[in-house]
Structure formats: structure tokens, C-alpha cells
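The next block holds one structure in the form of C-alpha cells; read it before the comments.
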Amino acid sequence: MRNRPIPGSTGRVRSMSLLADPVLHKPCDTVTDFGPGLKELVEDLFATMYAAQGVGLAANQVGVASRVFVYDCPDDEDVRHLGHIVNPRLVEADGVTVRGPEGCLSLPGLEAGTERFDRAVVEGVTWEGEPVRVEGTGFFARCLQHECDHLEGLVYADRLSPWRRARLARAVRKASWGTPERVGLVRGA
């Protein structure tokens, strides 16, 4: 029997920041206020992630420049990892480098082969300020690295080779949401 609420069940779905939104391209602020607003943000992030059918979501993807992300992501053995991290730090990323398809809720419907380590360790705290350390392998390690990148002002497109970046830029321009003012990816492509 469940003794805690389902993450996101009290949250509201927020609008998603798309690729060219400036909040996605600058480092987020450290969280210092651990009050009810932070718990509400975490709940909203879960609700928004589930509504968009994602496996992870960073606060800046809903326009909040705070160092917070949520996840509900399987690893390569199909073990489910569910949680959130406030003020996360990627403390280890190692193992084999794997290029795999990577998508992003801020680039809806698109993906590109992106290199990531197959193991990652992130440390931070919960919305209540309790220390947390999360270790992931495989697909979950990719998710942890992806969300930490968001909080540093990076999107997966920033990790692509020039050729892959140019292909992604063309796909963005063709996407229904990829109007010129929303592209922001071209940077020499």
C-alpha cells in the first residue's frame, strides 16, 4: 500500500520553454529558499514531465532559472528510478562513452545521436534539504547528465558535432514549433 502521494499529483502542468528561450542557455541559480514554493515547483515539474511523456525535466525548461530537476527514468535493465534533486552536482561521469539517440522536451519530436558516459553520479539535496546521492548507468546515466547540462545552460544540441548539429538545425526549422525566432540553433550550422 502506498504511504506517500504520487509525484506530480498535486502539481499543475506548466508551459514548456523551447530551444531559443534564453532561460535554457544560461546557468541556473542555486536554490536557497526551501519553503513551500520549492515543493510546489517539484510537483509542477513532475506533472509537466508526465503530461509531456518525458523521463526527466529541469526547472529552466518551464521558465524557472533554479537548480532543480525531476526524473522518472528506467536504466538499461529496466529498473525504474524516480526522484528529484535540488542543487545537483554531477560528481562523476565515467565508463564507456556511448552515442545514442537523445531527445528533449524543449525540442519536441526531435532527437540526435549524442555522446554520453554510461555511468553518472549526482549529488544534491531534496526539496526538504536532505542530502541525496543518485547513481545511474545506461539510459538513466544519460538522463542525469542531460538534466545537469540543462541547469548549466546547455541543451544536448550543444554536445553535437557540427554535422549532426546542422542536421538537427534543419529538422528544427521544419518542426511545427521551429519558427525562425524559436530555432536559435544555427550558430554556424
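Ordering of the C-alpha cells sets the chain letters (A, B, ...); residue numbers start at 1 within each chain; ligands are numbered from 1 in the order shown.
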
With only C-alpha atoms as the counted atoms, please give the residues lying no more than 9 Å from A:Arg167, apart from itself and same-chain residues fewer than 4 positions off, as an mmCIF file with N, CA and C atoms, in the first residue's frame.
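Now in out_16.cif:
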data_model
loop_
_atom_site.group_PDB
_atom_site.id
_atom_site.type_symbol
_atom_site.label_atom_id
_atom_site.label_comp_id
_atom_site.auth_asym_id
_atom_site.auth_seq_id
_atom_site.Cartn_x
_atom_site.Cartn_y
_atom_site.Cartn_z
ATOM 1 N N ALA A 112 18.844 13.288 -31.647
ATOM 2 C CA ALA A 112 20.101 13.166 -32.396
ATOM 3 C C ALA A 112 21.048 12.279 -31.594
ATOM 4 N N PRO A 162 29.558 19.339 -35.481
ATOM 5 C CA PRO A 162 28.989 20.340 -36.386
ATOM 6 C C PRO A 162 28.027 19.736 -37.416
ATOM 7 N N TRP A 163 28.355 18.565 -37.952
ATOM 8 C CA TRP A 163 27.498 17.927 -38.941
ATOM 9 C C TRP A 163 26.154 17.535 -38.333
ATOM 10 N N ALA A 171 16.131 20.080 -39.034
ATOM 11 C CA ALA A 171 14.922 19.436 -38.506
ATOM 12 C C ALA A 171 14.122 20.402 -37.638
ATOM 13 N N VAL A 172 14.810 21.235 -36.870
ATOM 14 C CA VAL A 172 14.117 22.226 -36.038
ATOM 15 C C VAL A 172 13.347 23.198 -36.916
ATOM 16 N N ALA A 189 25.846 26.679 -38.297
ATOM 17 C CA ALA A 189 25.449 25.442 -38.984
ATOM 18 C C ALA A 189 24.891 25.721 -40.350
#

Point out the residue among A:Gly153, A:Pro88, A:Gly83, A:Pro74 with the least atom-to-atom distance to A:Ala141, counting only C-alpha atoms.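 The closest residue to A:Ala141 is A:Pro74.
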
Apply DSSP to the backbone of this structure and, from stretch 125-172 of chain A, keep only the residues in alpha helix (DSSP H); write these as a list in words. Gly138, Phe139, Phe140, Ala141, Arg142, Cys143, Leu144, Gln145, His146, Glu147, Cys148, Asp149, His150, Leu151, Pro162, Trp163, Arg164, Arg165, Ala166, Arg167, Leu168, Ala169, Arg170, Ala171 and Val172 of chain A

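Within stretch 16-79 of chain A, the backbone-based DSSP assignment of strand (DSSP E) covers Gly56, Leu57, Ala58, Val68, Phe69, Val70, Tyr71, Asp72, Cys73 and Pro74 of chain A.
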
Excluding same-chain residues fewer than 3 positions from A:Ser15, what lies within 9 Å of it counting only C-alpha atoms, as a ChimeraX atom specification? /A:48,61-63

What's the 8 Å shell around stretch 23-27 of chain A, counting only C-alpha atoms, without same-chain residues fewer than 6 positions away, as a ChimeraX atom specification? /A:17,60-61,63-65,150-155

Please write the residues from the selection above to a file, keeping all heavy atoms, as a JSON list (two decimals), in the first residue's frame.
[["chain", "number", "residue", "atom", "x", "y", "z"],
["A", 17, "SER", "N", 9.49, 25.65, -22.08],
["A", 17, "SER", "CA", 10.42, 26.55, -22.77],
["A", 17, "SER", "C", 11.00, 25.82, -23.96],
["A", 17, "SER", "O", 11.44, 24.67, -23.83],
["A", 17, "SER", "CB", 11.55, 26.97, -21.83],
["A", 17, "SER", "OG", 11.05, 27.66, -20.72],
["A", 60, "ASN", "N", 14.46, 25.03, -15.59],
["A", 60, "ASN", "CA", 14.52, 26.06, -16.63],
["A", 60, "ASN", "C", 13.72, 25.67, -17.87],
["A", 60, "ASN", "O", 13.38, 26.53, -18.68],
["A", 60, "ASN", "CB", 15.96, 26.43, -16.98],
["A", 60, "ASN", "CG", 16.81, 25.28, -17.47],
["A", 60, "ASN", "OD1", 16.45, 24.11, -17.36],
["A", 60, "ASN", "ND2", 17.95, 25.61, -18.01],
["A", 61, "GLN", "N", 13.36, 24.41, -18.00],
["A", 61, "GLN", "CA", 12.51, 24.00, -19.12],
["A", 61, "GLN", "C", 11.07, 24.47, -18.95],
["A", 61, "GLN", "O", 10.29, 24.40, -19.90],
["A", 61, "GLN", "CB", 12.56, 22.49, -19.31],
["A", 61, "GLN", "CG", 13.91, 22.00, -19.80],
["A", 61, "GLN", "CD", 13.89, 20.52, -20.04],
["A", 61, "GLN", "OE1", 14.19, 19.74, -19.15],
["A", 61, "GLN", "NE2", 13.52, 20.14, -21.25],
["A", 63, "GLY", "N", 10.74, 27.58, -17.53],
["A", 63, "GLY", "CA", 10.97, 29.01, -17.37],
["A", 63, "GLY", "C", 11.46, 29.45, -16.01],
["A", 63, "GLY", "O", 11.54, 30.64, -15.74],
["A", 64, "VAL", "N", 11.84, 28.52, -15.13],
["A", 64, "VAL", "CA", 12.31, 28.86, -13.79],
["A", 64, "VAL", "C", 13.81, 28.59, -13.73],
["A", 64, "VAL", "O", 14.24, 27.44, -13.84],
["A", 64, "VAL", "CB", 11.58, 28.03, -12.71],
["A", 64, "VAL", "CG1", 12.11, 28.35, -11.33],
["A", 64, "VAL", "CG2", 10.08, 28.26, -12.79],
["A", 65, "ALA", "N", 14.60, 29.63, -13.55],
["A", 65, "ALA", "CA", 16.07, 29.51, -13.59],
["A", 65, "ALA", "C", 16.62, 29.08, -12.23],
["A", 65, "ALA", "O", 17.47, 29.73, -11.64],
["A", 65, "ALA", "CB", 16.69, 30.83, -14.02],
["A", 150, "HIS", "N", 21.21, 20.87, -18.56],
["A", 150, "HIS", "CA", 20.19, 21.93, -18.62],
["A", 150, "HIS", "C", 20.47, 23.00, -17.58],
["A", 150, "HIS", "O", 20.38, 24.20, -17.87],
["A", 150, "HIS", "CB", 18.79, 21.37, -18.40],
["A", 150, "HIS", "CG", 18.10, 20.92, -19.64],
["A", 150, "HIS", "ND1", 17.90, 21.74, -20.73],
["A", 150, "HIS", "CD2", 17.56, 19.73, -19.97],
["A", 150, "HIS", "CE1", 17.27, 21.08, -21.68],
["A", 150, "HIS", "NE2", 17.05, 19.85, -21.25],
["A", 151, "LEU", "N", 20.79, 22.59, -16.38],
["A", 151, "LEU", "CA", 20.98, 23.55, -15.29],
["A", 151, "LEU", "C", 22.25, 24.37, -15.46],
["A", 151, "LEU", "O", 22.42, 25.41, -14.82],
["A", 151, "LEU", "CB", 20.95, 22.83, -13.95],
["A", 151, "LEU", "CG", 19.65, 22.06, -13.69],
["A", 151, "LEU", "CD1", 19.70, 21.37, -12.34],
["A", 151, "LEU", "CD2", 18.43, 22.97, -13.80],
["A", 152, "GLU", "N", 23.13, 23.93, -16.35],
["A", 152, "GLU", "CA", 24.34, 24.69, -16.69],
["A", 152, "GLU", "C", 24.12, 25.56, -17.92],
["A", 152, "GLU", "O", 25.04, 26.22, -18.40],
["A", 152, "GLU", "CB", 25.53, 23.75, -16.92],
["A", 152, "GLU", "CG", 25.95, 22.98, -15.69],
["A", 152, "GLU", "CD", 26.36, 23.87, -14.53],
["A", 152, "GLU", "OE1", 26.91, 24.98, -14.77],
["A", 152, "GLU", "OE2", 26.12, 23.48, -13.37],
["A", 153, "GLY", "N", 22.91, 25.55, -18.48],
["A", 153, "GLY", "CA", 22.61, 26.36, -19.66],
["A", 153, "GLY", "C", 22.92, 25.67, -20.97],
["A", 153, "GLY", "O", 23.09, 26.33, -22.00],
["A", 154, "LEU", "N", 22.97, 24.33, -20.96],
["A", 154, "LEU", "CA", 23.27, 23.57, -22.17],
["A", 154, "LEU", "C", 22.07, 22.72, -22.57],
["A", 154, "LEU", "O", 21.33, 22.24, -21.71],
["A", 154, "LEU", "CB", 24.47, 22.65, -21.93],
["A", 154, "LEU", "CG", 25.77, 23.30, -21.54],
["A", 154, "LEU", "CD1", 26.79, 22.24, -21.14],
["A", 154, "LEU", "CD2", 26.31, 24.15, -22.68],
["A", 155, "VAL", "N", 21.91, 22.51, -23.86],
["A", 155, "VAL", "CA", 20.96, 21.53, -24.39],
["A", 155, "VAL", "C", 21.79, 20.49, -25.13],
["A", 155, "VAL", "O", 22.95, 20.73, -25.47],
["A", 155, "VAL", "CB", 19.90, 22.16, -25.31],
["A", 155, "VAL", "CG1", 19.00, 23.11, -24.53],
["A", 155, "VAL", "CG2", 20.54, 22.88, -26.49]]

For A:Phe34: contacts at 7 Å, only C-alpha atoms, fewer than 6 positions along chain excluded, given as number ranges by chain: A: 127-129

Export N, CA and C atoms of the chosen residues as a compact mmCIF listing (two decimals), in the first residue's frame?
# COMPACT_ATOMS: atom_id res chain seq x y z
N TRP A 127 13.89 18.62 -1.79
CA TRP A 127 13.21 19.89 -1.55
C TRP A 127 13.14 20.22 -0.06
N GLU A 128 13.34 19.20 0.77
CA GLU A 128 13.36 19.42 2.22
C GLU A 128 14.77 19.71 2.74
N GLY A 129 15.77 19.68 1.86
CA GLY A 129 17.14 19.96 2.25
C GLY A 129 17.94 18.75 2.69

Ranking A:Leu168, A:Ser9, A:His146, A:Asp29 by minimum distance to A:Ala51 and counting only C-alpha atoms, which one comes first?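 Under the stated criterion, the closest residue is A:Ser9.
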
For each of A:Val68, A:Thr30, A:Phe139, A:Asp21, take the minimum atom-to-atom distance to A:Asp44, counting only C-alpha atoms, then give the residue where this is smallest.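 Among the listed residues, A:Val68 lies closest to A:Asp44.
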
Please, what distance in Å, to one decimal, runs between atom CA of A:Gly109 and atom CA of A:Ala175?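 Atom CA of A:Gly109 sits 8.1 Å away from atom CA of A:Ala175.
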
Residue contacts of A:Glu115 (12 Å, only C-alpha atoms) excluding same-chain residues fewer than 6 positions away, as a VMD selection string: chain A and resid 93 to 94 96 to 102 138 to 139 141 to 142 145 to 146 156 to 161 164

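In this model, the gap between atom CA of A:Leu105 and atom CA of A:Gly54 comes to 6.8 Å.
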
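Using only C-alpha atoms, the shortest contact distance between A:Leu90 and any of A:Cys73, A:Gly124, A:Pro22, A:Met49 is found at A:Gly124.
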
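When only C-alpha atoms are used to measure the gap to A:Phe140, the shortest distance among A:Lys174, A:Arg14, A:Lys39, A:Arg80 belongs to A:Arg80.
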
Rounded to one decimal place, report the atom CA of A:Thr10-atom CA of A:Thr126 distance in Å. 17.4 Å

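Minimum distance to A:Gly136 across A:Arg116, A:His81, A:Arg89, A:Arg165 (counting only C-alpha atoms) occurs at A:His81.
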